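Asker: Below are the structure tokens for one structure; questions will follow.
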Amino acid sequence: MLELPPLSVTQPDEWPDRRAELLEQFARHVYGRTPAGGSTAGVEDRGTEAVPGGHRLDLDVTVAGPLGERVVPVLVHVPEGAAGPVPVVIGLNFAGNHTTTPAPGVRIHRNAETERGAQASRWPCEEILRRGYAVATAHYDDVEVDAPGHADDGVRGLFVRDPGDPEGWGAIGAWAWGLGRILDAVAGVPGIDPAAAVAIGHSRLGKAALWAGAQDERFAVVVSNDSGCAGAALHRHHVPGKETIAAITTSFPHWFAPGFADYAGREDDLPVDAHQLLALIAPRALHVASAVEDAWADPLGEYLATVAASPVYESFALTGTRVEGEQPVSLPSLGERIGGRLSYHVRSGGHDLTVEDWGHALDAADRVLAEPTATAVVASATVATST
């Protein structure tokens, strides 16, 4: 049986203080401290085009910090014919906005090495629009360069930094900060309801979506897809073939606070684990997605983290993935979404963001955003963590 750091919560009024403690620990030991003083300084609409089921906007979003500004191109799709403002799904992409859609009219990324529409399968915009959601995306390198030694070239360069600080923020923290700035920007787009915002991310960007949702309570729903080590997977779930702290901090040292590497080979000494990160989303909605062949991301470790996080949701009289009296030792059935406000699914196949994953994610969002409004969900989270 896994021995995990405790959640130490049985009642909602216990959660605010415990939540603050956990946020501090994750900032200190894993992701680094997000500095104060950043903002979205302006939004320029560079053009709108009709697309099947809606219209597409090409925005230039200027983000700012104490040391300057940076322009992040953001692509937005908004459905037509909605009775009122619609929810918006916000996520970063890996290869440029032009790769998320095969249609012309989207600017080619300045450092593009990938063809237009090459990753459209990960961004099924027509289906998202048909489901009644807007979707906004930006290239993650436009927020923060995904390479060691480039902290001054992304949004971290907008802030005073001490490269020797063991608690300095890494690229995952910067991408998480960028998701919040995109939410700032789309809040002013006609037809979008910013109180019904969904943060989504795949792989390393799933880690960023979780950290964004943990810190920024404006996200009513958070979706983590195949986020693995330092995302939704438990560090203390020791199985062959999974990514470890040693592996991830060796290959991607720029993602984290420098001090995170101190726990390489010492996962059991890390003061926090993934179930506590997932719990930081409560009582807002969280959906965790896995792929059964994605051993590197440890799908069983991701599922067990949702089970271990469920008691915090249950303290709010909400449903998670835990079944009373059972200790799961295997994954749920493939293709089945289980749970309630905290939910989970695992599909066949490997490391990818698929149409099936999107379907489960939007099903999870549908459930909470209809209760009775997304504004109430965000308000309940704010009250729960500020009293």
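Scheme for the structure tokens: letters A, B, ... for chains in order shown; per-chain residue numbers from 1; ligand numbers from 1 in order shown.
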Name the residues in contact with Gln119 (chain A) at a cut-off of 12 Å, using only C-alpha atoms, excluding same-chain residues fewer than 6 positions from it; report them as an NGL selection string.
Answerer: :A and (93-102 or 125 or 139 or 352-355)
Asker: Among region 112-245 of chain A, which residues carry a DSSP assignment of helix (DSSP H, G or I), reported as a VMD selection string?
Answerer: chain A and resid 120 to 122 125 to 130 140 to 143 151 to 153 155 to 158 171 to 186 204 to 215 245
Asker: Find the residues of region 186-268 of chain A that sit at most 6 Å from region 158-166 of chain A; for each, write down the nearest two atoms and how far apart they are in Å, to one decimal. Count only C-alpha atoms. Sort by chain, then by number going up, and give it as CSV.
Answerer:
residue,atom,partner,partner_atom,distance
A:Ala257,CA,A:Pro166,CA,6.0
A:Pro258,CA,A:Pro166,CA,4.8
A:Gly259,CA,A:Pro166,CA,4.6
Asker: Hey, can you spit out that residue selection with N, CA and C atoms as a PDB file, in the first residue's frame?
Answerer:
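What ended up in result11.pdb:
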ATOM      1  N   ALA A 257      11.970  24.421 -10.462  1.00  0.00           N
ATOM      2  CA  ALA A 257      12.859  25.082  -9.518  1.00  0.00           C
ATOM      3  C   ALA A 257      14.145  24.261  -9.434  1.00  0.00           C
ATOM      4  N   PRO A 258      15.311  24.910  -9.422  1.00  0.00           N
ATOM      5  CA  PRO A 258      16.561  24.142  -9.385  1.00  0.00           C
ATOM      6  C   PRO A 258      16.625  23.141  -8.238  1.00  0.00           C
ATOM      7  N   GLY A 259      16.005  23.456  -7.105  1.00  0.00           N
ATOM      8  CA  GLY A 259      16.055  22.575  -5.958  1.00  0.00           C
ATOM      9  C   GLY A 259      15.308  21.269  -6.136  1.00  0.00           C
TER      10      GLY A 259
END
Asker: Skip region 220-228 of chain A itself and residues of its chain fewer than 5 positions away, then list as a PyMOL selection string all residues within 7 Å of it, counting only C-alpha atoms.
Answerer: chain A and resi 196-204+206-207+209-210+213+233+284-291+297-298+302+351+353+361+365+374+377-378
Asker: Counting only C-alpha atoms, which of A:Val329, A:Asp268, A:Leu362, A:Val307 gets nearest to Pro87 (chain A)?
Answerer: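 Answer, going by the shortest atom-to-atom distance: A:Leu362.
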Asker: Each residue of region 49-103 of chain A with at least one atom at most 12 Å from region 151-154 of chain A should appear once, together with its nearest atom pair and the corresponding distance in Å (one decimal); atoms considered: only C-alpha atoms; ordering: chain, then increasing residue number; output as a Markdown table.
Answerer:
| residue | atom | partner | partner_atom | distance |
| --- | --- | --- | --- | --- |
| A:Val63 | CA | A:Gly154 | CA | 10.7 |
| A:Ala64 | CA | A:Gly154 | CA | 11.1 |
| A:Gly65 | CA | A:Gly154 | CA | 11.2 |
| A:Leu67 | CA | A:Asp152 | CA | 10.5 |
| A:Gly68 | CA | A:Gly154 | CA | 11.0 |
| A:Glu69 | CA | A:Gly154 | CA | 10.0 |
| A:Arg70 | CA | A:Gly154 | CA | 7.9 |
| A:Val71 | CA | A:Gly154 | CA | 10.1 |
| A:Val72 | CA | A:Gly154 | CA | 10.1 |
Asker: Leaving out Gly320 (chain A) and any residue of its chain fewer than 4 positions from it, which residues lie within 7 Å of it when counting only C-alpha atoms, given as a ChimeraX atom specification?
Answerer: /A:310,313-314,339-343
Asker: Write out as a PyMOL selection string the residues lying within 7 Å of region 177-180 of chain A, counting only C-alpha atoms and excluding same-chain residues fewer than 5 positions away.
Answerer: chain A and resi 90-91+143+212
Asker: Between A:Pro332, A:Leu75, A:Gln327, A:Ala134, which is the closest to Ile108 (chain A) once you count only C-alpha atoms?
Answerer: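 Checking each of A:Pro332, A:Leu75, A:Gln327, A:Ala134 against Ile108 (chain A), counting only C-alpha atoms, the winner is A:Leu75.
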Asker: Could you pull the residues within 6 Å of region 4-15 of chain A, counting only C-alpha atoms, minus those fewer than 2 positions along the same chain, as an MDAnalysis selection string?
Answerer: chainID A and resid 17:19 315:316
Asker: How would you write, as a PyMOL selection string, the set of residues in region 27-178 of chain A that DSSP gives as strand (DSSP E)?
Answerer: chain A and resi 39-51+54-65+68-79+86-93+134-139
Asker: Just give me the gap between CA of Glu49 (chain A) and CA of Asp357 (chain A) in Å, one decimal is fine.
Answerer: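 About the pair CA of Glu49 (chain A) and CA of Asp357 (chain A): they are 27.4 Å apart.
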Asker: Using only C-alpha atoms, which of A:Ile281, A:Ala364, A:Leu270, A:Val43 sits nearest Arg28 (chain A)?
Answerer: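 Once distances to Arg28 (chain A) are computed over only C-alpha atoms, the minimum belongs to A:Leu270.
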Asker: What separation in Å, quoted to one decimal, exists between CA of Val86 (chain A) and CA of Pro190 (chain A)?
Answerer: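 That distance, rounded to one decimal, is 9.7 Å.
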Asker: In Å, with one decimal, what is the gap from CA of Arg107 (chain A) to CA of Arg46 (chain A)?
Answerer: 10.1 Å
Asker: Taking only C-alpha atoms into account, name the residue in A:Tyr303, A:Ala309, A:Gly168, A:His237 that is nearest to Tyr344 (chain A).
Answerer: A:Tyr303
Asker: Within 8 Å of Leu300 (chain A), counting only C-alpha atoms, which residues qualify if same-chain residues fewer than 4 places away don't, as a list in words?
Answerer: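 Using only C-alpha atoms, the neighbours found are Ala233, Leu304, Ser330 and Leu331 of chain A.
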Asker: With C-alpha atoms retained, export the selected residues as an mmCIF file, in the first residue's frame.
Answerer:
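Once written, part.cif looks like this:
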data_model
loop_
_atom_site.group_PDB
_atom_site.id
_atom_site.type_symbol
_atom_site.label_atom_id
_atom_site.label_comp_id
_atom_site.auth_asym_id
_atom_site.auth_seq_id
_atom_site.Cartn_x
_atom_site.Cartn_y
_atom_site.Cartn_z
ATOM 1 C CA ALA A 233 1.452 10.747 -11.548
ATOM 2 C CA LEU A 304 -4.085 6.349 -7.993
ATOM 3 C CA SER A 330 -5.381 -1.795 -11.547
ATOM 4 C CA LEU A 331 -6.727 0.732 -14.027
#
Asker: Rank A:Asn111, A:Gln215, A:Thr321, A:Thr249 by their smallest atom-to-atom distance to Thr34 (chain A), using only C-alpha atoms, and report the top residue only.
Answerer: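 Closest candidate: A:Gln215.
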